[in-house]
file protein.tsv (TSV, N, CA and C atoms)
chain	number	residue	atom	x	y	z
Z	1	MET	N	-37.51	-78.26	52.03
Z	1	MET	CA	-38.62	-78.54	51.16
Z	1	MET	C	-38.18	-78.40	49.71
Z	2	PHE	N	-38.56	-79.36	48.88
Z	2	PHE	CA	-38.19	-79.36	47.47
Z	2	PHE	C	-39.18	-78.54	46.66
Z	3	LYS	N	-38.67	-77.90	45.65
Z	3	LYS	CA	-39.55	-77.16	44.74
Z	3	LYS	C	-39.70	-77.98	43.47
Z	4	THR	N	-40.85	-78.63	43.32
Z	4	THR	CA	-41.07	-79.51	42.18
Z	4	THR	C	-41.83	-78.85	41.04
Z	5	VAL	N	-42.44	-77.75	41.28
Z	5	VAL	CA	-43.25	-77.10	40.25
Z	5	VAL	C	-42.42	-76.76	39.02
Z	6	PRO	N	-41.23	-76.13	39.15
Z	6	PRO	CA	-40.45	-75.83	37.94
Z	6	PRO	C	-40.06	-77.09	37.17
Z	7	ILE	N	-39.79	-78.19	37.86
Z	7	ILE	CA	-39.42	-79.44	37.18
Z	7	ILE	C	-40.62	-79.98	36.40
Z	8	ILE	N	-41.78	-79.98	37.02
Z	8	ILE	CA	-42.98	-80.45	36.32
Z	8	ILE	C	-43.28	-79.56	35.13
Z	9	ALA	N	-43.14	-78.26	35.30
Z	9	ALA	CA	-43.38	-77.33	34.19
Z	9	ALA	C	-42.38	-77.58	33.07
Z	10	LEU	N	-41.13	-77.87	33.40
Z	10	LEU	CA	-40.11	-78.15	32.41
Z	10	LEU	C	-40.44	-79.44	31.66
Z	11	LEU	N	-40.86	-80.48	32.39
Z	11	LEU	CA	-41.23	-81.73	31.75
Z	11	LEU	C	-42.42	-81.56	30.81
Z	12	LEU	N	-43.42	-80.79	31.23
Z	12	LEU	CA	-44.58	-80.55	30.38
Z	12	LEU	C	-44.21	-79.73	29.16
Z	13	ALA	N	-43.31	-78.79	29.33
Z	13	ALA	CA	-42.91	-77.93	28.21
Z	13	ALA	C	-42.13	-78.70	27.15
Z	14	THR	N	-41.43	-79.76	27.54
Z	14	THR	CA	-40.63	-80.51	26.58
Z	14	THR	C	-41.35	-81.73	26.05
Z	15	SER	N	-42.54	-82.04	26.53
Z	15	SER	CA	-43.30	-83.20	26.04
Z	15	SER	C	-43.97	-82.85	24.73
Z	16	PRO	N	-43.84	-83.74	23.72
Z	16	PRO	CA	-44.55	-83.45	22.46
Z	16	PRO	C	-46.05	-83.62	22.65
Z	17	LEU	N	-46.81	-82.72	22.08
Z	17	LEU	CA	-48.26	-82.81	22.16
Z	17	LEU	C	-48.77	-83.56	20.95
Z	18	ALA	N	-49.65	-84.50	21.19
Z	18	ALA	CA	-50.21	-85.28	20.09
Z	18	ALA	C	-51.20	-84.43	19.30
Z	19	ALA	N	-51.13	-84.52	17.99
Z	19	ALA	CA	-52.09	-83.80	17.15
Z	19	ALA	C	-53.42	-84.54	17.19
Z	20	ALA	N	-54.49	-83.79	17.08
Z	20	ALA	CA	-55.82	-84.40	17.07
Z	20	ALA	C	-56.09	-85.01	15.70
Z	21	SER	N	-56.75	-86.15	15.69
Z	21	SER	CA	-57.13	-86.79	14.43
Z	21	SER	C	-58.04	-85.88	13.63
Z	22	ILE	N	-57.98	-86.01	12.32
Z	22	ILE	CA	-58.85	-85.26	11.43
Z	22	ILE	C	-59.60	-86.26	10.55
Z	23	VAL	N	-60.92	-86.10	10.47
Z	23	VAL	CA	-61.74	-86.94	9.60
Z	23	VAL	C	-62.11	-86.10	8.38
Z	24	TYR	N	-61.71	-86.58	7.21
Z	24	TYR	CA	-62.02	-85.91	5.95
Z	24	TYR	C	-63.17	-86.65	5.26
Z	25	ASN	N	-64.16	-85.92	4.78
Z	25	ASN	CA	-65.26	-86.51	4.02
Z	25	ASN	C	-64.86	-86.62	2.56
Z	26	VAL	N	-65.17	-87.76	1.96
Z	26	VAL	CA	-64.85	-88.02	0.55
Z	26	VAL	C	-66.16	-88.14	-0.21
Z	27	ASN	N	-66.26	-87.40	-1.32
Z	27	ASN	CA	-67.43	-87.49	-2.20
Z	27	ASN	C	-66.95	-87.10	-3.59
Z	28	GLN	N	-66.41	-88.06	-4.33
Z	28	GLN	CA	-65.74	-87.78	-5.59
Z	28	GLN	C	-66.37	-88.57	-6.72
Z	29	THR	N	-66.74	-87.87	-7.79
Z	29	THR	CA	-67.21	-88.53	-9.00
Z	29	THR	C	-66.02	-88.82	-9.89
Z	30	ILE	N	-65.97	-90.06	-10.40
Z	30	ILE	CA	-64.88	-90.47	-11.28
Z	30	ILE	C	-65.53	-91.13	-12.50
Z	31	GLY	N	-65.59	-90.42	-13.60
Z	31	GLY	CA	-66.27	-90.94	-14.79
Z	31	GLY	C	-67.72	-91.24	-14.45
Z	32	ASP	N	-68.16	-92.48	-14.71
Z	32	ASP	CA	-69.52	-92.89	-14.38
Z	32	ASP	C	-69.61	-93.47	-12.96
Z	33	GLY	N	-68.53	-93.43	-12.21
Z	33	GLY	CA	-68.51	-93.99	-10.86
Z	33	GLY	C	-68.29	-92.92	-9.81
Z	34	SER	N	-68.07	-93.38	-8.58
Z	34	SER	CA	-67.84	-92.45	-7.48
Z	34	SER	C	-67.11	-93.13	-6.34
Z	35	VAL	N	-66.58	-92.31	-5.45
Z	35	VAL	CA	-66.00	-92.76	-4.19
Z	35	VAL	C	-66.60	-91.88	-3.10
Z	36	VAL	N	-67.22	-92.51	-2.10
Z	36	VAL	CA	-67.88	-91.78	-1.02
Z	36	VAL	C	-67.47	-92.42	0.30
Z	37	GLY	N	-67.18	-91.60	1.30
Z	37	GLY	CA	-66.85	-92.12	2.63
Z	37	GLY	C	-66.00	-91.16	3.42
Z	38	THR	N	-65.14	-91.72	4.26
Z	38	THR	CA	-64.27	-90.90	5.11
Z	38	THR	C	-62.85	-91.46	5.12
Z	39	ILE	N	-61.89	-90.56	5.34
Z	39	ILE	CA	-60.50	-90.92	5.58
Z	39	ILE	C	-60.08	-90.19	6.85
Z	40	THR	N	-59.50	-90.91	7.80
Z	40	THR	CA	-59.05	-90.32	9.06
Z	40	THR	C	-57.53	-90.32	9.09
Z	41	THR	N	-56.95	-89.16	9.44
Z	41	THR	CA	-55.50	-89.06	9.57
Z	41	THR	C	-55.14	-88.76	11.02
Z	42	ASP	N	-53.84	-88.82	11.29
Z	42	ASP	CA	-53.35	-88.55	12.64
Z	42	ASP	C	-53.25	-87.05	12.94
Z	43	GLY	N	-53.68	-86.21	12.03
Z	43	GLY	CA	-53.65	-84.76	12.23
Z	43	GLY	C	-52.46	-84.08	11.62
Z	44	SER	N	-51.60	-84.84	10.93
Z	44	SER	CA	-50.44	-84.25	10.27
Z	44	SER	C	-50.86	-83.41	9.08
Z	45	PHE	N	-50.04	-82.40	8.75
Z	45	PHE	CA	-50.26	-81.55	7.59
Z	45	PHE	C	-49.08	-81.66	6.65
Z	46	GLY	N	-49.26	-81.23	5.42
Z	46	GLY	CA	-48.19	-81.32	4.43
Z	46	GLY	C	-48.19	-82.70	3.81
Z	47	THR	N	-47.02	-83.16	3.39
Z	47	THR	CA	-46.91	-84.46	2.76
Z	47	THR	C	-47.17	-85.56	3.77
Z	48	LEU	N	-48.06	-86.48	3.42
Z	48	LEU	CA	-48.41	-87.59	4.30
Z	48	LEU	C	-47.82	-88.89	3.78
Z	49	THR	N	-47.64	-89.83	4.68
Z	49	THR	CA	-47.25	-91.19	4.32
Z	49	THR	C	-48.39	-92.11	4.72
Z	50	ALA	N	-48.29	-93.36	4.35
Z	50	ALA	CA	-49.32	-94.33	4.70
Z	50	ALA	C	-49.53	-94.39	6.21
Z	51	ALA	N	-48.48	-94.21	6.99
Z	51	ALA	CA	-48.57	-94.27	8.45
Z	51	ALA	C	-49.44	-93.16	9.03
Z	52	ASP	N	-49.60	-92.05	8.30
Z	52	ASP	CA	-50.43	-90.94	8.77
Z	52	ASP	C	-51.92	-91.20	8.64
Z	53	VAL	N	-52.29	-92.18	7.83
Z	53	VAL	CA	-53.70	-92.55	7.66
Z	53	VAL	C	-54.04	-93.57	8.74
Z	54	THR	N	-54.94	-93.19	9.64
Z	54	THR	CA	-55.28	-94.06	10.77
Z	54	THR	C	-56.57	-94.84	10.56
Z	55	GLY	N	-57.32	-94.50	9.52
Z	55	GLY	CA	-58.53	-95.25	9.23
Z	55	GLY	C	-59.22	-94.71	7.99
Z	56	PHE	N	-60.05	-95.55	7.38
Z	56	PHE	CA	-60.83	-95.11	6.25
Z	56	PHE	C	-62.00	-96.06	6.04
Z	57	HIS	N	-63.04	-95.52	5.45
Z	57	HIS	CA	-64.23	-96.29	5.07
Z	57	HIS	C	-64.73	-95.66	3.78
Z	58	LEU	N	-64.46	-96.31	2.66
Z	58	LEU	CA	-64.78	-95.77	1.35
Z	58	LEU	C	-65.64	-96.74	0.56
Z	59	THR	N	-66.69	-96.24	-0.04
Z	59	THR	CA	-67.51	-97.04	-0.95
Z	59	THR	C	-67.18	-96.59	-2.36
Z	60	VAL	N	-66.66	-97.52	-3.15
Z	60	VAL	CA	-66.28	-97.25	-4.53
Z	60	VAL	C	-67.38	-97.83	-5.41
Z	61	ASN	N	-68.04	-96.97	-6.18
Z	61	ASN	CA	-69.14	-97.38	-7.05
Z	61	ASN	C	-68.71	-97.27	-8.50
Z	62	GLY	N	-68.96	-98.35	-9.25
Z	62	GLY	CA	-68.68	-98.36	-10.68
Z	62	GLY	C	-69.92	-98.78	-11.43
Z	63	ILE	N	-69.77	-99.00	-12.71
Z	63	ILE	CA	-70.90	-99.43	-13.53
Z	63	ILE	C	-71.21	-100.89	-13.17
Z	64	GLY	N	-72.32	-101.12	-12.51
Z	64	GLY	CA	-72.76	-102.46	-12.17
Z	64	GLY	C	-72.05	-103.12	-11.01
Z	65	ALA	N	-71.22	-102.40	-10.29
Z	65	ALA	CA	-70.51	-102.99	-9.15
Z	65	ALA	C	-70.12	-101.93	-8.15
Z	66	SER	N	-69.98	-102.34	-6.90
Z	66	SER	CA	-69.44	-101.44	-5.87
Z	66	SER	C	-68.69	-102.28	-4.86
Z	67	VAL	N	-67.76	-101.64	-4.17
Z	67	VAL	CA	-66.97	-102.31	-3.15
Z	67	VAL	C	-66.73	-101.34	-2.01
Z	68	VAL	N	-66.69	-101.86	-0.80
Z	68	VAL	CA	-66.40	-101.04	0.38
Z	68	VAL	C	-64.97	-101.36	0.81
Z	69	LEU	N	-64.16	-100.31	0.96
Z	69	LEU	CA	-62.78	-100.45	1.41
Z	69	LEU	C	-62.65	-99.89	2.81
Z	70	THR	N	-62.06	-100.67	3.72
Z	70	THR	CA	-61.81	-100.22	5.09
Z	70	THR	C	-60.40	-100.59	5.49
Z	71	GLY	N	-59.95	-100.02	6.58
Z	71	GLY	CA	-58.64	-100.36	7.10
Z	71	GLY	C	-58.52	-101.81	7.52
Z	72	ALA	N	-59.64	-102.47	7.77
Z	72	ALA	CA	-59.62	-103.87	8.19
Z	72	ALA	C	-59.34	-104.81	7.02
Z	73	ASP	N	-59.65	-104.38	5.78
Z	73	ASP	CA	-59.48	-105.29	4.65
Z	73	ASP	C	-58.64	-104.71	3.51
Z	74	SER	N	-58.06	-103.54	3.71
Z	74	SER	CA	-57.26	-102.89	2.67
Z	74	SER	C	-56.08	-102.19	3.31
Z	75	VAL	N	-55.11	-101.80	2.51
Z	75	VAL	CA	-53.95	-101.06	3.02
Z	75	VAL	C	-53.74	-99.80	2.20
Z	76	VAL	N	-53.07	-98.84	2.80
Z	76	VAL	CA	-52.70	-97.60	2.12
Z	76	VAL	C	-51.27	-97.76	1.64
Z	77	VAL	N	-51.05	-97.50	0.35
Z	77	VAL	CA	-49.71	-97.57	-0.22
Z	77	VAL	C	-49.40	-96.23	-0.85
Z	78	ASP	N	-48.27	-95.63	-0.47
Z	78	ASP	CA	-47.85	-94.37	-1.06
Z	78	ASP	C	-46.36	-94.23	-0.88
Z	79	ASN	N	-45.71	-93.55	-1.79
Z	79	ASN	CA	-44.26	-93.36	-1.71
Z	79	ASN	C	-43.87	-92.11	-0.93
Z	80	GLY	N	-44.84	-91.43	-0.31
Z	80	GLY	CA	-44.53	-90.27	0.51
Z	80	GLY	C	-44.44	-88.97	-0.26
Z	81	THR	N	-44.86	-88.94	-1.53
Z	81	THR	CA	-44.80	-87.69	-2.30
Z	81	THR	C	-46.13	-87.33	-2.96
Z	82	ASN	N	-47.07	-88.24	-3.03
Z	82	ASN	CA	-48.29	-88.02	-3.80
Z	82	ASN	C	-49.49	-87.59	-2.96
Z	83	PHE	N	-49.37	-87.56	-1.67
Z	83	PHE	CA	-50.51	-87.41	-0.78
Z	83	PHE	C	-50.22	-86.29	0.21
Z	84	THR	N	-51.00	-85.21	0.17
Z	84	THR	CA	-50.78	-84.09	1.08
Z	84	THR	C	-52.09	-83.72	1.78
Z	85	ALA	N	-51.95	-83.03	2.91
Z	85	ALA	CA	-53.12	-82.64	3.69
Z	85	ALA	C	-53.01	-81.19	4.14
Z	86	THR	N	-54.17	-80.53	4.14
Z	86	THR	CA	-54.32	-79.22	4.78
Z	86	THR	C	-55.32	-79.42	5.92
Z	87	THR	N	-55.69	-78.36	6.59
Z	87	THR	CA	-56.67	-78.50	7.67
Z	87	THR	C	-58.03	-78.90	7.16
Z	88	SER	N	-58.30	-78.67	5.87
Z	88	SER	CA	-59.64	-78.94	5.35
Z	88	SER	C	-59.70	-79.85	4.13
Z	89	ALA	N	-58.55	-80.29	3.61
Z	89	ALA	CA	-58.58	-81.10	2.39
Z	89	ALA	C	-57.43	-82.08	2.32
Z	90	LEU	N	-57.71	-83.23	1.70
Z	90	LEU	CA	-56.67	-84.18	1.30
Z	90	LEU	C	-56.48	-84.02	-0.19
Z	91	LEU	N	-55.24	-84.00	-0.63
Z	91	LEU	CA	-54.94	-83.79	-2.05
Z	91	LEU	C	-54.11	-84.96	-2.56
Z	92	PHE	N	-54.50	-85.52	-3.70
Z	92	PHE	CA	-53.80	-86.62	-4.32
Z	92	PHE	C	-53.19	-86.17	-5.63
Z	93	ASN	N	-51.92	-86.48	-5.83
Z	93	ASN	CA	-51.25	-86.19	-7.09
Z	93	ASN	C	-51.29	-87.47	-7.94
Z	94	TYR	N	-52.31	-87.59	-8.78
Z	94	TYR	CA	-52.48	-88.80	-9.59
Z	94	TYR	C	-51.42	-88.91	-10.68
Z	95	SER	N	-50.71	-87.83	-10.97
Z	95	SER	CA	-49.65	-87.86	-11.99
Z	95	SER	C	-48.28	-88.13	-11.41
Z	96	GLY	N	-48.17	-88.25	-10.11
Z	96	GLY	CA	-46.89	-88.45	-9.45
Z	96	GLY	C	-46.34	-89.85	-9.65
Z	97	PRO	N	-45.14	-90.09	-9.13
Z	97	PRO	CA	-44.53	-91.42	-9.26
Z	97	PRO	C	-45.34	-92.48	-8.52
Z	98	ALA	N	-45.31	-93.69	-9.02
Z	98	ALA	CA	-46.05	-94.80	-8.41
Z	98	ALA	C	-45.51	-95.08	-7.02
Z	99	GLY	N	-46.43	-95.43	-6.11
Z	99	GLY	CA	-46.06	-95.72	-4.73
Z	99	GLY	C	-46.05	-97.19	-4.51
call {"tool": "encode", "arguments": {"input": "protein.tsv", "output": "structure tokens"}}
result
Amino acid sequence: MFKTVPIIALLLATSPLAAASIVYNVNQTIGDGSVVGTITTDGSFGTLTAADVTGFHLTVNGIGASVVLTGADSVVVDNGTNFTATTSALLFNYSGPAG
């Protein structure tokens, strides 16, 4: 009789576990305008790249105009140094190098 339990346990122990997605709420005033909505990431922490953003729905309001940005009609562009995440916040370095 074969003992398969240790092999299965070994395979499970070496399999990478997927991080759970995180949905961040956005509510930011910018001058006379605002950005409101959500950004969803793959659950990564620290410095993020565009690939870590799995979805977003943002309403950008300005003086006399507004636009809705989603993953279906927009893209995330970043050079991998300006965008970081914690368990509770997304942080943007607006003074960093252009992405």
call {"tool": "residues_around", "arguments": {"input": "protein.tsv", "residues": "Z:Val76", "least_positions_apart": "2", "cutoff": "6.5 Å", "atoms": "only N, CA and C atoms", "output": "NGL selection string"}}
result
:Z and (50 or 74 or 78)
call {"tool": "atom_distance", "arguments": {"input": "protein.tsv", "atom1": "atom CA of Z:Gly55", "atom2": "atom N of Z:Asp42"}}
result
8.2 Å
call {"tool": "residues_around", "arguments": {"input": "protein.tsv", "residues": "Z:Leu58", "least_positions_apart": "5", "cutoff": "6 Å", "atoms": "only C-alpha atoms", "output": "PyMOL selection string"}}
result
chain Z and resi 36-37+68-69
call {"tool": "closest_residue", "arguments": {"input": "protein.tsv", "among": "Z:Thr86, Z:Thr29, Z:Asn93, Z:Ser21", "to": "Z:Gly46", "atoms": "only N, CA and C atoms"}}
result
Z:Thr86
call {"tool": "residues_around", "arguments": {"input": "protein.tsv", "residues": "Z:Ile22", "least_positions_apart": "6", "cutoff": "6 Å", "atoms": "only C-alpha atoms", "output": "list in words"}}
result
Thr40, Thr41 and Gly43 of chain Z
call {"tool": "closest_residue", "arguments": {"input": "protein.tsv", "among": "Z:Asn82, Z:Leu48, Z:His57, Z:Ser88", "to": "Z:Thr70", "atoms": "only N, CA and C atoms"}}
result
Z:His57
call {"tool": "residues_around", "arguments": {"input": "protein.tsv", "residues": "Z:Thr81", "least_positions_apart": "4", "cutoff": "8 Å", "atoms": "all atoms listed in the file", "output": "MDAnalysis selection string"}}
result
chainID Z and resid 47:49 92:93 96:97 99
call {"tool": "select_by_dssp", "arguments": {"input": "protein.tsv", "residues": "stretch 11-99 of chain Z", "states": "strand (DSSP E or B)", "output": "PyMOL selection string"}}
result
chain Z and resi 22-30+33-41+46-47+53-62+65-70+83-85+90-92
call {"tool": "write_last_selection", "arguments": {"input": "protein.tsv", "atoms": "N, CA and C atoms", "output": "CSV table (one decimal), in the coordinates of the input"}}
result
chain,number,residue,atom,x,y,z
Z,22,ILE,N,-58.0,-86.0,12.3
Z,22,ILE,CA,-58.8,-85.3,11.4
Z,22,ILE,C,-59.6,-86.3,10.6
Z,23,VAL,N,-60.9,-86.1,10.5
Z,23,VAL,CA,-61.7,-86.9,9.6
Z,23,VAL,C,-62.1,-86.1,8.4
Z,24,TYR,N,-61.7,-86.6,7.2
Z,24,TYR,CA,-62.0,-85.9,6.0
Z,24,TYR,C,-63.2,-86.6,5.3
Z,25,ASN,N,-64.2,-85.9,4.8
Z,25,ASN,CA,-65.3,-86.5,4.0
Z,25,ASN,C,-64.9,-86.6,2.6
Z,26,VAL,N,-65.2,-87.8,2.0
Z,26,VAL,CA,-64.8,-88.0,0.6
Z,26,VAL,C,-66.2,-88.1,-0.2
Z,27,ASN,N,-66.3,-87.4,-1.3
Z,27,ASN,CA,-67.4,-87.5,-2.2
Z,27,ASN,C,-67.0,-87.1,-3.6
Z,28,GLN,N,-66.4,-88.1,-4.3
Z,28,GLN,CA,-65.7,-87.8,-5.6
Z,28,GLN,C,-66.4,-88.6,-6.7
Z,29,THR,N,-66.7,-87.9,-7.8
Z,29,THR,CA,-67.2,-88.5,-9.0
Z,29,THR,C,-66.0,-88.8,-9.9
Z,30,ILE,N,-66.0,-90.1,-10.4
Z,30,ILE,CA,-64.9,-90.5,-11.3
Z,30,ILE,C,-65.5,-91.1,-12.5
Z,33,GLY,N,-68.5,-93.4,-12.2
Z,33,GLY,CA,-68.5,-94.0,-10.9
Z,33,GLY,C,-68.3,-92.9,-9.8
Z,34,SER,N,-68.1,-93.4,-8.6
Z,34,SER,CA,-67.8,-92.4,-7.5
Z,34,SER,C,-67.1,-93.1,-6.3
Z,35,VAL,N,-66.6,-92.3,-5.4
Z,35,VAL,CA,-66.0,-92.8,-4.2
Z,35,VAL,C,-66.6,-91.9,-3.1
Z,36,VAL,N,-67.2,-92.5,-2.1
Z,36,VAL,CA,-67.9,-91.8,-1.0
Z,36,VAL,C,-67.5,-92.4,0.3
Z,37,GLY,N,-67.2,-91.6,1.3
Z,37,GLY,CA,-66.8,-92.1,2.6
Z,37,GLY,C,-66.0,-91.2,3.4
Z,38,THR,N,-65.1,-91.7,4.3
Z,38,THR,CA,-64.3,-90.9,5.1
Z,38,THR,C,-62.8,-91.5,5.1
Z,39,ILE,N,-61.9,-90.6,5.3
Z,39,ILE,CA,-60.5,-90.9,5.6
Z,39,ILE,C,-60.1,-90.2,6.8
Z,40,THR,N,-59.5,-90.9,7.8
Z,40,THR,CA,-59.0,-90.3,9.1
Z,40,THR,C,-57.5,-90.3,9.1
Z,41,THR,N,-57.0,-89.2,9.4
Z,41,THR,CA,-55.5,-89.1,9.6
Z,41,THR,C,-55.1,-88.8,11.0
Z,46,GLY,N,-49.3,-81.2,5.4
Z,46,GLY,CA,-48.2,-81.3,4.4
Z,46,GLY,C,-48.2,-82.7,3.8
Z,47,THR,N,-47.0,-83.2,3.4
Z,47,THR,CA,-46.9,-84.5,2.8
Z,47,THR,C,-47.2,-85.6,3.8
Z,53,VAL,N,-52.3,-92.2,7.8
Z,53,VAL,CA,-53.7,-92.6,7.7
Z,53,VAL,C,-54.0,-93.6,8.7
Z,54,THR,N,-54.9,-93.2,9.6
Z,54,THR,CA,-55.3,-94.1,10.8
Z,54,THR,C,-56.6,-94.8,10.6
Z,55,GLY,N,-57.3,-94.5,9.5
Z,55,GLY,CA,-58.5,-95.2,9.2
Z,55,GLY,C,-59.2,-94.7,8.0
Z,56,PHE,N,-60.0,-95.6,7.4
Z,56,PHE,CA,-60.8,-95.1,6.2
Z,56,PHE,C,-62.0,-96.1,6.0
Z,57,HIS,N,-63.0,-95.5,5.4
Z,57,HIS,CA,-64.2,-96.3,5.1
Z,57,HIS,C,-64.7,-95.7,3.8
Z,58,LEU,N,-64.5,-96.3,2.7
Z,58,LEU,CA,-64.8,-95.8,1.4
Z,58,LEU,C,-65.6,-96.7,0.6
Z,59,THR,N,-66.7,-96.2,0.0
Z,59,THR,CA,-67.5,-97.0,-1.0
Z,59,THR,C,-67.2,-96.6,-2.4
Z,60,VAL,N,-66.7,-97.5,-3.2
Z,60,VAL,CA,-66.3,-97.2,-4.5
Z,60,VAL,C,-67.4,-97.8,-5.4
Z,61,ASN,N,-68.0,-97.0,-6.2
Z,61,ASN,CA,-69.1,-97.4,-7.0
Z,61,ASN,C,-68.7,-97.3,-8.5
Z,62,GLY,N,-69.0,-98.4,-9.2
Z,62,GLY,CA,-68.7,-98.4,-10.7
Z,62,GLY,C,-69.9,-98.8,-11.4
Z,65,ALA,N,-71.2,-102.4,-10.3
Z,65,ALA,CA,-70.5,-103.0,-9.2
Z,65,ALA,C,-70.1,-101.9,-8.2
Z,66,SER,N,-70.0,-102.3,-6.9
Z,66,SER,CA,-69.4,-101.4,-5.9
Z,66,SER,C,-68.7,-102.3,-4.9
Z,67,VAL,N,-67.8,-101.6,-4.2
Z,67,VAL,CA,-67.0,-102.3,-3.2
Z,67,VAL,C,-66.7,-101.3,-2.0
Z,68,VAL,N,-66.7,-101.9,-0.8
Z,68,VAL,CA,-66.4,-101.0,0.4
Z,68,VAL,C,-65.0,-101.4,0.8
Z,69,LEU,N,-64.2,-100.3,1.0
Z,69,LEU,CA,-62.8,-100.4,1.4
Z,69,LEU,C,-62.6,-99.9,2.8
Z,70,THR,N,-62.1,-100.7,3.7
Z,70,THR,CA,-61.8,-100.2,5.1
Z,70,THR,C,-60.4,-100.6,5.5
Z,83,PHE,N,-49.4,-87.6,-1.7
Z,83,PHE,CA,-50.5,-87.4,-0.8
Z,83,PHE,C,-50.2,-86.3,0.2
Z,84,THR,N,-51.0,-85.2,0.2
Z,84,THR,CA,-50.8,-84.1,1.1
Z,84,THR,C,-52.1,-83.7,1.8
Z,85,ALA,N,-52.0,-83.0,2.9
Z,85,ALA,CA,-53.1,-82.6,3.7
Z,85,ALA,C,-53.0,-81.2,4.1
Z,90,LEU,N,-57.7,-83.2,1.7
Z,90,LEU,CA,-56.7,-84.2,1.3
Z,90,LEU,C,-56.5,-84.0,-0.2
Z,91,LEU,N,-55.2,-84.0,-0.6
Z,91,LEU,CA,-54.9,-83.8,-2.0
Z,91,LEU,C,-54.1,-85.0,-2.6
Z,92,PHE,N,-54.5,-85.5,-3.7
Z,92,PHE,CA,-53.8,-86.6,-4.3
Z,92,PHE,C,-53.2,-86.2,-5.6
call {"tool": "axis_aligned_box", "arguments": {"input": "protein.tsv", "around": "stretch 73-82 of chain Z", "padding_each_side": "5 Å", "output": "AutoDock Vina command-line options"}}
result
--center_x -51.8 --center_y -96.3 --center_z 1.0 --size_x 25.8 --size_y 28.0 --size_z 19.6
call {"tool": "atom_distance", "arguments": {"input": "protein.tsv", "atom1": "atom N of Z:Val23", "atom2": "atom C of Z:Ile39"}}
result
5.5 Å
call {"tool": "atom_distance", "arguments": {"input": "protein.tsv", "atom1": "atom CA of Z:Gly62", "atom2": "atom C of Z:Val35"}}
result
10.2 Å
call {"tool": "closest_residue", "arguments": {"input": "protein.tsv", "among": "Z:Leu90, Z:Val53, Z:Ile63, Z:Ala20", "to": "Z:Gly33", "atoms": "all atoms listed in the file"}}
result
Z:Ile63
call {"tool": "closest_residue", "arguments": {"input": "protein.tsv", "among": "Z:Val26, Z:Val67, Z:Val77, Z:Ala19", "to": "Z:Ala51", "atoms": "only C-alpha atoms"}}
result
Z:Val77
